[in-house]
Amino acid sequence: PRTQREAARLARANRPDKEQRRRAAAERRERMAAGDDRFLMPRDRGPVKAYIRDLVDSRPHLMGLFMPLAGVVLLSVLLPIPAAQQYLSLFSLLALVTMIAEGVILGIQVTRKARAKFPDERIGGLGTGWYAFTRGSQLRRLRVPKPRVQRGANP
């Protein structure tokens, strides 16, 4: 192509149709949910991250109730009863502080276990803790990649 217009026309002609793109995207999503390392985002790749995911997924966490807590906060704002607003706000604050404390403890525990299992890997505490915290704060059925272990399992 000699002009930008010719290049755009050629690019449009060589672009796969919508149905092909949809099929390819669905396959990528399916493989990502299954945990195929080639299709995972870079932050989720590798045996260390898989082990961290298994540790987090092996037990329930209060942090997983973060999204329902957001609904409680919204309810406390919309209620016209001041006493109910006060109690719901206090409950939300206590739940949030508890979730943060649980996340910090989870991050420390997961980092220690990962360093013990992979002594040759360079595992940063803050990044590993944050990864475990964000994974644990998601609802279990919405996690990507999907959990490979059942609750109560010993990874």
# chains A, B, ... in the order shown; residues from 1 in each chain; ligands from 1

$ residues_around --residues "range 109-117 of chain A" --least-positions-apart "2" --cutoff "8 Å" --atoms "only C-alpha atoms" --output "number ranges by chain"
A: 48, 51-52, 55-56, 105-107, 119, 121, 123-125, 128-129, 132

$ select_by_dssp --residues "chain A" --states "helix (DSSP H, G or I)" --output "JSON, numbers by chain"
{"A": [4, 5, 6, 7, 8, 9, 10, 11, 12, 13, 14, 18, 19, 20, 21, 22, 23, 24, 25, 26, 27, 28, 29, 30, 31, 32, 33, 34, 42, 43, 44, 47, 48, 49, 50, 51, 52, 53, 54, 55, 56, 57, 62, 63, 64, 65, 66, 67, 68, 69, 70, 71, 72, 73, 74, 75, 76, 77, 78, 82, 83, 84, 85, 86, 87, 88, 89, 90, 91, 92, 93, 94, 95, 96, 97, 98, 99, 100, 101, 102, 103, 104, 105, 106, 107, 108, 109, 110, 111, 112, 113, 114, 115, 116, 117, 125, 126, 127, 128, 129, 130, 131, 132, 133, 134, 135, 136, 140, 141, 142]}

$ closest_residue --among "A:Ile108, A:Val144, A:Arg59, A:Asn14" --to "Trp130 in chain A" --atoms "only C-alpha atoms"
A:Ile108

$ decode --residues "range 76-110 of chain A" --atoms "N, CA and C atoms" --output "PDB file, in the first residue's frame"
ATOM      1  N   SER A  76     -27.354   1.148  53.192  1.00  0.00           N
ATOM      2  CA  SER A  76     -27.278   2.071  54.330  1.00  0.00           C
ATOM      3  C   SER A  76     -27.391   3.531  53.877  1.00  0.00           C
ATOM      4  N   VAL A  77     -26.956   3.811  52.667  1.00  0.00           N
ATOM      5  CA  VAL A  77     -27.059   5.176  52.147  1.00  0.00           C
ATOM      6  C   VAL A  77     -28.501   5.493  51.745  1.00  0.00           C
ATOM      7  N   LEU A  78     -29.192   4.499  51.212  1.00  0.00           N
ATOM      8  CA  LEU A  78     -30.533   4.739  50.672  1.00  0.00           C
ATOM      9  C   LEU A  78     -31.647   4.679  51.718  1.00  0.00           C
ATOM     10  N   LEU A  79     -31.379   4.044  52.854  1.00  0.00           N
ATOM     11  CA  LEU A  79     -32.426   3.926  53.875  1.00  0.00           C
ATOM     12  C   LEU A  79     -32.748   5.287  54.496  1.00  0.00           C
ATOM     13  N   PRO A  80     -34.032   5.598  54.658  1.00  0.00           N
ATOM     14  CA  PRO A  80     -34.389   6.893  55.249  1.00  0.00           C
ATOM     15  C   PRO A  80     -34.377   6.875  56.781  1.00  0.00           C
ATOM     16  N   ILE A  81     -34.008   5.747  57.389  1.00  0.00           N
ATOM     17  CA  ILE A  81     -34.022   5.628  58.850  1.00  0.00           C
ATOM     18  C   ILE A  81     -32.609   5.886  59.381  1.00  0.00           C
ATOM     19  N   PRO A  82     -32.393   6.987  60.097  1.00  0.00           N
ATOM     20  CA  PRO A  82     -31.042   7.328  60.560  1.00  0.00           C
ATOM     21  C   PRO A  82     -30.413   6.268  61.469  1.00  0.00           C
ATOM     22  N   ALA A  83     -31.188   5.645  62.329  1.00  0.00           N
ATOM     23  CA  ALA A  83     -30.625   4.635  63.227  1.00  0.00           C
ATOM     24  C   ALA A  83     -30.135   3.425  62.432  1.00  0.00           C
ATOM     25  N   ALA A  84     -30.898   3.016  61.433  1.00  0.00           N
ATOM     26  CA  ALA A  84     -30.488   1.889  60.592  1.00  0.00           C
ATOM     27  C   ALA A  84     -29.239   2.250  59.792  1.00  0.00           C
ATOM     28  N   GLN A  85     -29.186   3.483  59.316  1.00  0.00           N
ATOM     29  CA  GLN A  85     -27.997   3.934  58.595  1.00  0.00           C
ATOM     30  C   GLN A  85     -26.762   3.862  59.482  1.00  0.00           C
ATOM     31  N   GLN A  86     -26.927   4.282  60.715  1.00  0.00           N
ATOM     32  CA  GLN A  86     -25.808   4.291  61.646  1.00  0.00           C
ATOM     33  C   GLN A  86     -25.303   2.872  61.914  1.00  0.00           C
ATOM     34  N   TYR A  87     -26.219   1.945  62.200  1.00  0.00           N
ATOM     35  CA  TYR A  87     -25.811   0.569  62.491  1.00  0.00           C
ATOM     36  C   TYR A  87     -25.222  -0.130  61.262  1.00  0.00           C
ATOM     37  N   LEU A  88     -25.829   0.087  60.102  1.00  0.00           N
ATOM     38  CA  LEU A  88     -25.295  -0.521  58.886  1.00  0.00           C
ATOM     39  C   LEU A  88     -23.924   0.044  58.532  1.00  0.00           C
ATOM     40  N   SER A  89     -23.731   1.332  58.750  1.00  0.00           N
ATOM     41  CA  SER A  89     -22.424   1.935  58.488  1.00  0.00           C
ATOM     42  C   SER A  89     -21.375   1.390  59.442  1.00  0.00           C
ATOM     43  N   LEU A  90     -21.735   1.242  60.708  1.00  0.00           N
ATOM     44  CA  LEU A  90     -20.798   0.676  61.683  1.00  0.00           C
ATOM     45  C   LEU A  90     -20.467  -0.772  61.323  1.00  0.00           C
ATOM     46  N   PHE A  91     -21.481  -1.548  60.976  1.00  0.00           N
ATOM     47  CA  PHE A  91     -21.252  -2.936  60.564  1.00  0.00           C
ATOM     48  C   PHE A  91     -20.336  -2.996  59.342  1.00  0.00           C
ATOM     49  N   SER A  92     -20.578  -2.118  58.363  1.00  0.00           N
ATOM     50  CA  SER A  92     -19.769  -2.104  57.145  1.00  0.00           C
ATOM     51  C   SER A  92     -18.316  -1.757  57.450  1.00  0.00           C
ATOM     52  N   LEU A  93     -18.108  -0.806  58.326  1.00  0.00           N
ATOM     53  CA  LEU A  93     -16.751  -0.415  58.700  1.00  0.00           C
ATOM     54  C   LEU A  93     -16.028  -1.559  59.399  1.00  0.00           C
ATOM     55  N   LEU A  94     -16.706  -2.208  60.337  1.00  0.00           N
ATOM     56  CA  LEU A  94     -16.090  -3.335  61.045  1.00  0.00           C
ATOM     57  C   LEU A  94     -15.796  -4.497  60.086  1.00  0.00           C
ATOM     58  N   ALA A  95     -16.710  -4.770  59.184  1.00  0.00           N
ATOM     59  CA  ALA A  95     -16.496  -5.847  58.211  1.00  0.00           C
ATOM     60  C   ALA A  95     -15.324  -5.516  57.290  1.00  0.00           C
ATOM     61  N   LEU A  96     -15.217  -4.275  56.861  1.00  0.00           N
ATOM     62  CA  LEU A  96     -14.117  -3.872  55.990  1.00  0.00           C
ATOM     63  C   LEU A  96     -12.773  -3.976  56.705  1.00  0.00           C
ATOM     64  N   VAL A  97     -12.708  -3.537  57.938  1.00  0.00           N
ATOM     65  CA  VAL A  97     -11.461  -3.651  58.706  1.00  0.00           C
ATOM     66  C   VAL A  97     -11.087  -5.117  58.907  1.00  0.00           C
ATOM     67  N   THR A  98     -12.084  -5.958  59.192  1.00  0.00           N
ATOM     68  CA  THR A  98     -11.834  -7.388  59.352  1.00  0.00           C
ATOM     69  C   THR A  98     -11.319  -7.997  58.053  1.00  0.00           C
ATOM     70  N   MET A  99     -11.918  -7.617  56.932  1.00  0.00           N
ATOM     71  CA  MET A  99     -11.480  -8.138  55.636  1.00  0.00           C
ATOM     72  C   MET A  99     -10.046  -7.724  55.322  1.00  0.00           C
ATOM     73  N   ILE A 100      -9.697  -6.486  55.624  1.00  0.00           N
ATOM     74  CA  ILE A 100      -8.338  -6.017  55.376  1.00  0.00           C
ATOM     75  C   ILE A 100      -7.351  -6.770  56.260  1.00  0.00           C
ATOM     76  N   ALA A 101      -7.682  -6.946  57.521  1.00  0.00           N
ATOM     77  CA  ALA A 101      -6.807  -7.697  58.420  1.00  0.00           C
ATOM     78  C   ALA A 101      -6.640  -9.139  57.940  1.00  0.00           C
ATOM     79  N   GLU A 102      -7.748  -9.756  57.529  1.00  0.00           N
ATOM     80  CA  GLU A 102      -7.659 -11.122  57.015  1.00  0.00           C
ATOM     81  C   GLU A 102      -6.806 -11.178  55.755  1.00  0.00           C
ATOM     82  N   GLY A 103      -6.909 -10.171  54.904  1.00  0.00           N
ATOM     83  CA  GLY A 103      -6.111 -10.125  53.684  1.00  0.00           C
ATOM     84  C   GLY A 103      -4.632 -10.005  53.962  1.00  0.00           C
ATOM     85  N   VAL A 104      -4.270  -9.183  54.950  1.00  0.00           N
ATOM     86  CA  VAL A 104      -2.857  -9.033  55.312  1.00  0.00           C
ATOM     87  C   VAL A 104      -2.317 -10.350  55.861  1.00  0.00           C
ATOM     88  N   ILE A 105      -3.072 -10.978  56.735  1.00  0.00           N
ATOM     89  CA  ILE A 105      -2.643 -12.270  57.307  1.00  0.00           C
ATOM     90  C   ILE A 105      -2.548 -13.322  56.209  1.00  0.00           C
ATOM     91  N   LEU A 106      -3.517 -13.362  55.304  1.00  0.00           N
ATOM     92  CA  LEU A 106      -3.486 -14.313  54.196  1.00  0.00           C
ATOM     93  C   LEU A 106      -2.252 -14.083  53.328  1.00  0.00           C
ATOM     94  N   GLY A 107      -1.955 -12.831  53.029  1.00  0.00           N
ATOM     95  CA  GLY A 107      -0.785 -12.515  52.206  1.00  0.00           C
ATOM     96  C   GLY A 107       0.506 -12.988  52.850  1.00  0.00           C
ATOM     97  N   ILE A 108       0.630 -12.791  54.144  1.00  0.00           N
ATOM     98  CA  ILE A 108       1.844 -13.227  54.857  1.00  0.00           C
ATOM     99  C   ILE A 108       1.941 -14.747  54.839  1.00  0.00           C
ATOM    100  N   GLN A 109       0.837 -15.431  55.121  1.00  0.00           N
ATOM    101  CA  GLN A 109       0.850 -16.901  55.149  1.00  0.00           C
ATOM    102  C   GLN A 109       1.159 -17.486  53.776  1.00  0.00           C
ATOM    103  N   VAL A 110       0.530 -16.959  52.756  1.00  0.00           N
ATOM    104  CA  VAL A 110       0.731 -17.479  51.407  1.00  0.00           C
ATOM    105  C   VAL A 110       2.168 -17.236  50.955  1.00  0.00           C
TER     106      VAL A 110
END
